[in-house]
Amino acid sequence: MKKIGETLKKWYGSEWFRWLFSLACALLIVGVAASLSTLTFFDNDDLNIAWALAGYRTGTPSFAHPFINCIMAFLTSALYTVLPQLPWWLILQLVASAAGMTAVFAAILKIGHKHGVPLLLSLALMAACGAGLFYYGIVLVTFTLSATMAGAGAVALVLAADAEDSKKTQRGYLLGAVLLLAVSLLVRNSSGLAAACFVLGAFVYRAVESRMQKDRATAKRLLAFGAAAIVVLGVLVGVNEYGRTAQNPEGFVAYDEARSSYMDYPVDSYGENPVLYEKAGWDEPLAALASSWFYLDERITTESFRTISEGSAFAKTSVADRLKTGVTDIGSMFHMYPLSVNYGVLVAASYAAALALFLFNRKRWTAFVGASAFLLGAVALLGFLMAAGRVNLRVWMTVCMFTSVAIWLCAFRLMRPKAESTRAAHLLRLAALALTLLVSLGFGYKVFRTVISYENETPNMLARSQAVVAYAEEHPENVYIRDVYAANNVDALSVYPNNPPTNLIDWGGCDMNTITRQKQLEVNGLSSTYAKDLFPLSNVYYIGDTQDRYLPMFAEYMQAHCGASGYEVSDTIIDGIVAVHFTFEGAK
C-alpha cells in the first residue's frame with residue numbers, strides 16, 4: 001500500500017500525467033454519456049447549423065450560418081465535404097467540450113497538488129464538475145454550452161499558471177487559455193463574450209496578485225497574454241459581424257436583430273396590446289403563428305418586428321423595474337426547472353469552500369478576494385442580462401459554470417500543505433473542503449440523474465423526426481413545409497451524404513432570409529417565401545401534428561389570409577404526424 005501511495009503521489013506531481021489523466025477523464029465522461037444516453041441536440045438551432053453546413057438544405061455544403069463564426073462555418077463545411085459520412089457539427093462541439101473539460105481537470109490537479117489538497121479531494125471536485133456542470137452539455141449538445149465549456153477551460157488555465165513554473169510551462173498555460181477563448185468565440189459569439197469577461201478578469205486578478213508578490217516578470221507575462229486575448233476577442237467578434245453581413249442577402253442582419261428582439265426578449269402579447277400589433281399590421285392569428293417561429297408571411301418584416309419590440313412595455317421599463325422582474329423570473333425558473341437550482345447550489349458550495357478556507361488561511365487573502373470578485377462579476381453579468389430580459393435556463397447554466405469553476409480554483413489556492421500548519425488546523429481545512437465537496441457531489445449527482453431520465457423520451461422523439469425526414473426523401477418530387485413543433489428534430493447523429501432532404505423546409509426559424517434559405521428555394525424551383533404563393537402549388541405540402549394546436553391554427557390562417565377553402569390529409573407519416581395539402585377553389 002505504501003508503494004501504491006508513493007506512486008500516486010508521484011503521478012499527482014507529474015505535469016504530463018495530470019494532463020493525460022485529465023484527458024482520459026474528459027473522454028470517459030463523453031463515453032459514459034454516449035453509452036447511457038442517445039446524444040441529441042438541445043434544440044433544433046444546432047440541427048439548423050448542421051444541416052446548413054452539411055448541405056442537407058441545398059444539396060451542397062454551405063460556408064455560412066448566422067449563429068456561428070464564419071471561420072468555424074468554413075471549417076465545418078470543409079469537413080462535411082471531405083468526409084460526409086460523419087456528423088461533424090456534433091463532433092466539433094464534443095471536441096471543444098472535451099478540450100475545456102481537460103483544461104479544467106488539469107488545473108484542479110495542478111493547483112490541488114501545489115497547495116496540499118489530497119488527491120482524493122481533487123478527484124471529488126473533478127467528479128462534481130463532470131457530473132454537475134458538464135454532463136448536461138454532453139448529452140444535450142448545444143453550441144451555447146459547448147462554447148461555455150471551452151471558455152471555462154480558458155479561465156482555469158489562467159488561474160493555474162504558476163510563478164514557480166518554467167517560462168515555457170507558464171506560456172503554455174496562458175497560450176492554451178487564449179486558444180480556448182478563441183474556440184469559445186468560434187462556437188458561439190455570445191457565450192464567448194461571457195467567457196471573455198471571466199478570462200480577462202482572471203488575467204487581471206493574477207497580474208495584480210503577481211505584482212503584489214513582487215513578481216514583475218509573471219505580471220508582465222500575464223498582461224501580455226491578456227492583451228493577446230483582447231486582440232483575439234476583437235478579431236473574432238469583427239469576423240463574426242463581417243460574416244453575418246457578407247454571407248447573407250442585403251438586409252439580413254437588420255432583420256435578424258429585429259427578429260431576435262421580438263423572439264428572445266420580453267414583448268407585449270397580442271392580448272395585452274392589440275393596438276400595437278395592428279400598428280405592425282398583424283392580426284391575432286398571425287401574431288400567434290409568428291411567436292411560434294412562422295415567418296412565411298409578407299407582413300412579418302424587419303419593421304413589424306421593431307414596431308412590436310420597441311412599442312412593448314418592456315422597452316419603456318426602468319432598469320430598476322427590469323431587475324425586479326428579472327429576480328422574479330429567476331424564481332419562476334427555479335420552480336419550473338429544478339436543474340437550475342442544482343447549478344446554483346454548485347456555485348454556492350464553491351464560495352462556501354473559499355470562505356471557510358479563508359478563515360483558516362488569511363495570508364492567502366488575495367485568493368479569497370479573487371473568488372469574491374468572480375462572484376460579484378457573475379452577479380453583475382446576471383444583472384446586465386436581467387436588465388436586457390435575457391435570463392433563461394441556458395444563460396443561467398453558462399454563468400454558473402464559469403463562476404463555479406473560477407471560485408473552486410481560487411478556493412484550492414487557499415489550502416496549505418500539511419507541513420505548513422498544525423495538525424488541528426490542517427484537519428479543519430480538510431473537513432471544510434470535504435463538506436463542501438460532498439454537497440457538490442450530491443447536487444452533481446442530481447444533475448446526472450436528471451439528465452439520465454431524459455433518455456425515456458428520446459427514442460420516440462427521434463423516431464418521429466427521422467420518419468419525417470425519410471418521408472421527404474421518399475417523395476423528392478414534392479416539397480414539405482414543416483412547422484417546427486411537428487416531430488421536432490434534434491437528431492445529432494444521422495447524416496445524409498447521398499440523398500439530403502433538400503425538399504424539407506421549416507416554416508421559419510433562424511435560417512429565414514439567409515443565403516441557405518434562398519438557395520433551398522432555388523433548388524426546389526420555388527421563387528417565393530410566402531405561404532400564399534407556396535401552398536397553392538400542387539407539389540407543396542404542410543407537415544403538422546393532428547394532436548397539437550398548430551394544424552388547426554395554421555388552417556385558420558390559410559383560409560383567412562391565403563384563400564384556402566380547406567385541406568385534406570394526404571398521408572399519415574407516423575403517430576399523428578401528417579402531410580396536408582391545402583385546397584383552393586378554382587385552383588388547377
# chains A, B, ... in the order shown; residues from 1 in each chain; ligands from 1
$ residues_around --residues "Ile543 of chain A" --least-positions-apart "4" --cutoff "12 Å" --atoms "only C-alpha atoms" --output "count of residues only"
43
$ residues_around --residues "segment 42-53 of chain A" --least-positions-apart "6" --cutoff "8 Å" --atoms "only C-alpha atoms" --output "list in words"
Pro61, Ser62, Phe63, Ala64, His65, Phe67, Ala73, Thr76, Ser77, Tyr80, Pro87, Trp88, Trp89, Leu140, Val141, Thr142, Phe143, Asn488, Asn489, Val490, Asp491, Ala492, Cys510, Asp511 and Thr516 of chain A
$ write_last_selection --atoms "C-alpha atoms" --output "PDB file, in the first residue's frame"
ATOM      1  CA  PRO A  61     -22.262  22.310 -48.121  1.00  0.00           C
ATOM      2  CA  SER A  62     -22.673  25.959 -47.224  1.00  0.00           C
ATOM      3  CA  PHE A  63     -19.964  28.109 -45.671  1.00  0.00           C
ATOM      4  CA  ALA A  64     -22.383  30.374 -43.835  1.00  0.00           C
ATOM      5  CA  HIS A  65     -24.659  30.325 -40.823  1.00  0.00           C
ATOM      6  CA  PHE A  67     -25.322  31.698 -35.437  1.00  0.00           C
ATOM      7  CA  ALA A  73     -18.580  27.554 -40.573  1.00  0.00           C
ATOM      8  CA  THR A  76     -17.202  22.541 -40.536  1.00  0.00           C
ATOM      9  CA  SER A  77     -18.335  22.727 -44.154  1.00  0.00           C
ATOM     10  CA  TYR A  80     -18.535  17.662 -44.343  1.00  0.00           C
ATOM     11  CA  PRO A  87     -21.789  14.231 -38.090  1.00  0.00           C
ATOM     12  CA  TRP A  88     -19.132  16.900 -37.961  1.00  0.00           C
ATOM     13  CA  TRP A  89     -21.039  19.632 -36.126  1.00  0.00           C
ATOM     14  CA  LEU A 140     -27.977  17.526 -24.752  1.00  0.00           C
ATOM     15  CA  VAL A 141     -25.481  19.162 -27.065  1.00  0.00           C
ATOM     16  CA  THR A 142     -25.931  22.868 -27.607  1.00  0.00           C
ATOM     17  CA  PHE A 143     -23.424  25.297 -29.024  1.00  0.00           C
ATOM     18  CA  ASN A 488     -39.246  18.452 -33.528  1.00  0.00           C
ATOM     19  CA  ASN A 489     -35.891  17.342 -34.903  1.00  0.00           C
ATOM     20  CA  VAL A 490     -32.877  17.332 -32.597  1.00  0.00           C
ATOM     21  CA  ASP A 491     -31.167  14.317 -34.205  1.00  0.00           C
ATOM     22  CA  ALA A 492     -27.418  14.864 -33.818  1.00  0.00           C
ATOM     23  CA  CYS A 510     -33.193  31.092 -37.764  1.00  0.00           C
ATOM     24  CA  ASP A 511     -32.418  30.378 -41.451  1.00  0.00           C
ATOM     25  CA  THR A 516     -29.186  28.981 -47.229  1.00  0.00           C
TER      26      THR A 516
END
$ select_by_dssp --residues "segment 28-115 of chain A" --states "helix (DSSP H, G or I)" --output "PyMOL selection string"
chain A and resi 28-36+44-54+70-82+88-114
$ residues_around --residues "Leu441 of chain A" --least-positions-apart "2" --cutoff "10 Å" --atoms "only C-alpha atoms" --output "list of chain:residue names"
A:Ala124, A:Leu125, A:Met126, A:Ala127, A:Ala128, A:Cys129, A:Gly130, A:Ala131, A:Gly132, A:Leu346, A:Leu435, A:Thr436, A:Leu437, A:Leu438, A:Val439, A:Phe443, A:Gly444, A:Tyr445, A:Lys446, A:Val447
$ atom_distance --atom1 "atom CA of Lys279 of chain A" --atom2 "atom CA of Gln559 of chain A"
22.6 Å
$ closest_residue --among "A:Arg413, A:Val199, A:Glu164, A:Cys25" --to "Lys363 of chain A" --atoms "only C-alpha atoms"
A:Arg413
$ residues_around --residues "Ala147 of chain A" --least-positions-apart "4" --cutoff "9 Å" --atoms "only C-alpha atoms" --output "list in words"
Gln93, Ala96, Ser97, Gly100, Thr142, Phe143, Gly151, Ala152, Leu181, Val183, Ser184, Leu185, Leu186, Val187, Arg188, Asn189, Ser191, Gly192 and Ala195 of chain A
$ write_last_selection --atoms "all heavy atoms" --output "compact mmCIF listing (two decimals), in the first residue's frame"
# COMPACT_ATOMS: atom_id res chain seq x y z
N GLN A 93 -18.30 20.03 -31.63
CA GLN A 93 -18.75 20.51 -30.33
C GLN A 93 -18.24 19.61 -29.20
O GLN A 93 -17.85 20.11 -28.13
CB GLN A 93 -20.28 20.57 -30.30
CG GLN A 93 -20.84 21.69 -31.16
CD GLN A 93 -22.25 22.04 -30.76
OE1 GLN A 93 -22.51 22.60 -29.71
NE2 GLN A 93 -23.19 21.70 -31.63
N ALA A 96 -14.61 20.52 -28.64
CA ALA A 96 -14.50 21.77 -27.87
C ALA A 96 -14.83 21.54 -26.41
O ALA A 96 -14.14 22.04 -25.51
CB ALA A 96 -15.43 22.82 -28.47
N SER A 97 -15.87 20.75 -26.15
CA SER A 97 -16.27 20.46 -24.77
C SER A 97 -15.21 19.65 -24.05
O SER A 97 -14.86 19.94 -22.90
CB SER A 97 -17.60 19.70 -24.77
OG SER A 97 -18.63 20.45 -25.38
N GLY A 100 -12.21 21.80 -23.16
CA GLY A 100 -12.48 22.63 -21.99
C GLY A 100 -12.45 21.82 -20.70
O GLY A 100 -11.86 22.25 -19.70
N THR A 142 -25.52 21.55 -27.12
CA THR A 142 -25.93 22.87 -27.61
C THR A 142 -24.69 23.74 -27.74
O THR A 142 -23.82 23.72 -26.87
CB THR A 142 -26.94 23.54 -26.67
OG1 THR A 142 -27.03 24.94 -26.97
CG2 THR A 142 -26.54 23.40 -25.21
N PHE A 143 -24.62 24.49 -28.81
CA PHE A 143 -23.42 25.30 -29.02
C PHE A 143 -23.23 26.33 -27.93
O PHE A 143 -22.11 26.80 -27.69
CB PHE A 143 -23.41 25.92 -30.41
CG PHE A 143 -24.52 26.88 -30.72
CD1 PHE A 143 -24.25 28.07 -31.36
CD2 PHE A 143 -25.85 26.60 -30.42
CE1 PHE A 143 -25.26 28.97 -31.68
CE2 PHE A 143 -26.86 27.47 -30.75
CZ PHE A 143 -26.57 28.67 -31.37
N GLY A 151 -14.73 27.91 -22.81
CA GLY A 151 -14.39 29.13 -22.08
C GLY A 151 -14.01 28.87 -20.64
O GLY A 151 -13.10 29.51 -20.09
N ALA A 152 -14.69 27.91 -19.98
CA ALA A 152 -14.35 27.56 -18.61
C ALA A 152 -12.93 27.00 -18.53
O ALA A 152 -12.19 27.27 -17.58
CB ALA A 152 -15.35 26.53 -18.07
N LEU A 181 -10.27 30.39 -25.44
CA LEU A 181 -11.18 31.54 -25.59
C LEU A 181 -11.57 31.70 -27.05
O LEU A 181 -12.74 31.97 -27.37
CB LEU A 181 -10.52 32.81 -25.06
CG LEU A 181 -11.33 34.10 -25.26
CD1 LEU A 181 -12.68 34.02 -24.55
CD2 LEU A 181 -10.55 35.31 -24.77
N VAL A 183 -11.71 29.32 -29.30
CA VAL A 183 -12.65 28.23 -29.61
C VAL A 183 -14.05 28.60 -29.13
O VAL A 183 -15.05 28.39 -29.83
CB VAL A 183 -12.18 26.92 -28.96
CG1 VAL A 183 -13.26 25.85 -29.07
CG2 VAL A 183 -10.89 26.44 -29.61
N SER A 184 -14.14 29.15 -27.93
CA SER A 184 -15.43 29.55 -27.38
C SER A 184 -16.11 30.57 -28.28
O SER A 184 -17.30 30.46 -28.58
CB SER A 184 -15.24 30.12 -25.97
OG SER A 184 -16.46 30.48 -25.39
N LEU A 185 -15.37 31.56 -28.74
CA LEU A 185 -15.93 32.58 -29.62
C LEU A 185 -16.30 32.01 -30.98
O LEU A 185 -17.29 32.44 -31.59
CB LEU A 185 -14.91 33.71 -29.80
CG LEU A 185 -14.71 34.62 -28.59
CD1 LEU A 185 -13.38 35.35 -28.68
CD2 LEU A 185 -15.86 35.64 -28.49
N LEU A 186 -15.54 31.04 -31.47
CA LEU A 186 -15.85 30.44 -32.77
C LEU A 186 -17.12 29.61 -32.72
O LEU A 186 -17.90 29.58 -33.68
CB LEU A 186 -14.67 29.57 -33.23
CG LEU A 186 -13.41 30.30 -33.67
CD1 LEU A 186 -12.26 29.32 -33.84
CD2 LEU A 186 -13.65 31.07 -34.96
N VAL A 187 -17.34 28.92 -31.60
CA VAL A 187 -18.52 28.06 -31.49
C VAL A 187 -19.78 28.90 -31.28
O VAL A 187 -20.81 28.65 -31.92
CB VAL A 187 -18.35 27.05 -30.34
CG1 VAL A 187 -19.63 26.24 -30.13
CG2 VAL A 187 -17.20 26.09 -30.66
N ARG A 188 -19.71 29.88 -30.38
CA ARG A 188 -20.84 30.81 -30.23
C ARG A 188 -20.34 32.14 -29.72
O ARG A 188 -19.72 32.22 -28.66
CB ARG A 188 -21.91 30.26 -29.29
CG ARG A 188 -23.08 31.24 -29.18
CD ARG A 188 -24.37 30.66 -28.66
NE ARG A 188 -25.46 31.58 -28.95
CZ ARG A 188 -26.73 31.36 -28.65
NH1 ARG A 188 -27.07 30.23 -28.06
NH2 ARG A 188 -27.66 32.24 -28.94
N ASN A 189 -20.65 33.18 -30.45
CA ASN A 189 -20.13 34.50 -30.15
C ASN A 189 -20.57 35.01 -28.78
O ASN A 189 -19.75 35.49 -27.99
CB ASN A 189 -20.57 35.49 -31.23
CG ASN A 189 -19.83 36.82 -31.15
OD1 ASN A 189 -18.64 36.88 -31.38
ND2 ASN A 189 -20.55 37.87 -30.82
N SER A 191 -21.66 33.36 -26.08
CA SER A 191 -21.04 32.61 -24.99
C SER A 191 -19.56 32.96 -24.87
O SER A 191 -19.01 33.02 -23.76
CB SER A 191 -21.20 31.10 -25.23
OG SER A 191 -22.55 30.72 -25.21
N GLY A 192 -18.90 33.17 -26.01
CA GLY A 192 -17.51 33.58 -26.00
C GLY A 192 -17.31 34.92 -25.34
O GLY A 192 -16.32 35.15 -24.63
N ALA A 195 -17.49 34.31 -21.72
CA ALA A 195 -16.22 33.70 -21.31
C ALA A 195 -15.12 34.76 -21.20
O ALA A 195 -14.30 34.73 -20.28
CB ALA A 195 -15.82 32.62 -22.31
$ residues_around --residues "Pro497 of chain A" --least-positions-apart "5" --cutoff "10 Å" --atoms "only C-alpha atoms" --output "list in words"
Ala54, Gly55, Tyr56, Gly59, Thr60, Tyr80, Thr81, Leu83, Pro84, Gln85 and Leu86 of chain A
$ write_last_selection --atoms "N, CA and C atoms" --output "PDB file, in the first residue's frame"
ATOM      1  N   ALA A  54     -23.729  21.150 -43.687  1.00  0.00           N
ATOM      2  CA  ALA A  54     -23.541  19.867 -44.361  1.00  0.00           C
ATOM      3  C   ALA A  54     -24.151  19.850 -45.757  1.00  0.00           C
ATOM      4  N   GLY A  55     -25.026  20.795 -46.040  1.00  0.00           N
ATOM      5  CA  GLY A  55     -25.660  20.845 -47.359  1.00  0.00           C
ATOM      6  C   GLY A  55     -26.958  20.082 -47.456  1.00  0.00           C
ATOM      7  N   TYR A  56     -27.559  19.722 -46.320  1.00  0.00           N
ATOM      8  CA  TYR A  56     -28.811  18.973 -46.362  1.00  0.00           C
ATOM      9  C   TYR A  56     -29.991  19.859 -46.772  1.00  0.00           C
ATOM     10  N   GLY A  59     -28.227  20.748 -50.916  1.00  0.00           N
ATOM     11  CA  GLY A  59     -27.569  19.744 -51.735  1.00  0.00           C
ATOM     12  C   GLY A  59     -26.062  19.887 -51.772  1.00  0.00           C
ATOM     13  N   THR A  60     -25.537  21.039 -51.372  1.00  0.00           N
ATOM     14  CA  THR A  60     -24.084  21.258 -51.314  1.00  0.00           C
ATOM     15  C   THR A  60     -23.749  21.994 -50.020  1.00  0.00           C
ATOM     16  N   TYR A  80     -17.398  18.364 -43.743  1.00  0.00           N
ATOM     17  CA  TYR A  80     -18.535  17.662 -44.343  1.00  0.00           C
ATOM     18  C   TYR A  80     -18.267  17.346 -45.815  1.00  0.00           C
ATOM     19  N   THR A  81     -17.513  18.199 -46.480  1.00  0.00           N
ATOM     20  CA  THR A  81     -17.189  17.966 -47.887  1.00  0.00           C
ATOM     21  C   THR A  81     -16.222  16.795 -48.046  1.00  0.00           C
ATOM     22  N   LEU A  83     -15.400  14.347 -45.629  1.00  0.00           N
ATOM     23  CA  LEU A  83     -15.927  13.099 -45.045  1.00  0.00           C
ATOM     24  C   LEU A  83     -17.402  13.286 -44.692  1.00  0.00           C
ATOM     25  N   PRO A  84     -18.275  13.214 -45.686  1.00  0.00           N
ATOM     26  CA  PRO A  84     -19.704  13.496 -45.441  1.00  0.00           C
ATOM     27  C   PRO A  84     -20.417  12.426 -44.626  1.00  0.00           C
ATOM     28  N   GLN A  85     -19.764  11.319 -44.347  1.00  0.00           N
ATOM     29  CA  GLN A  85     -20.401  10.239 -43.591  1.00  0.00           C
ATOM     30  C   GLN A  85     -20.402  10.493 -42.081  1.00  0.00           C
ATOM     31  N   LEU A  86     -19.736  11.554 -41.620  1.00  0.00           N
ATOM     32  CA  LEU A  86     -19.629  11.820 -40.183  1.00  0.00           C
ATOM     33  C   LEU A  86     -20.421  13.059 -39.784  1.00  0.00           C
TER      34      LEU A  86
END
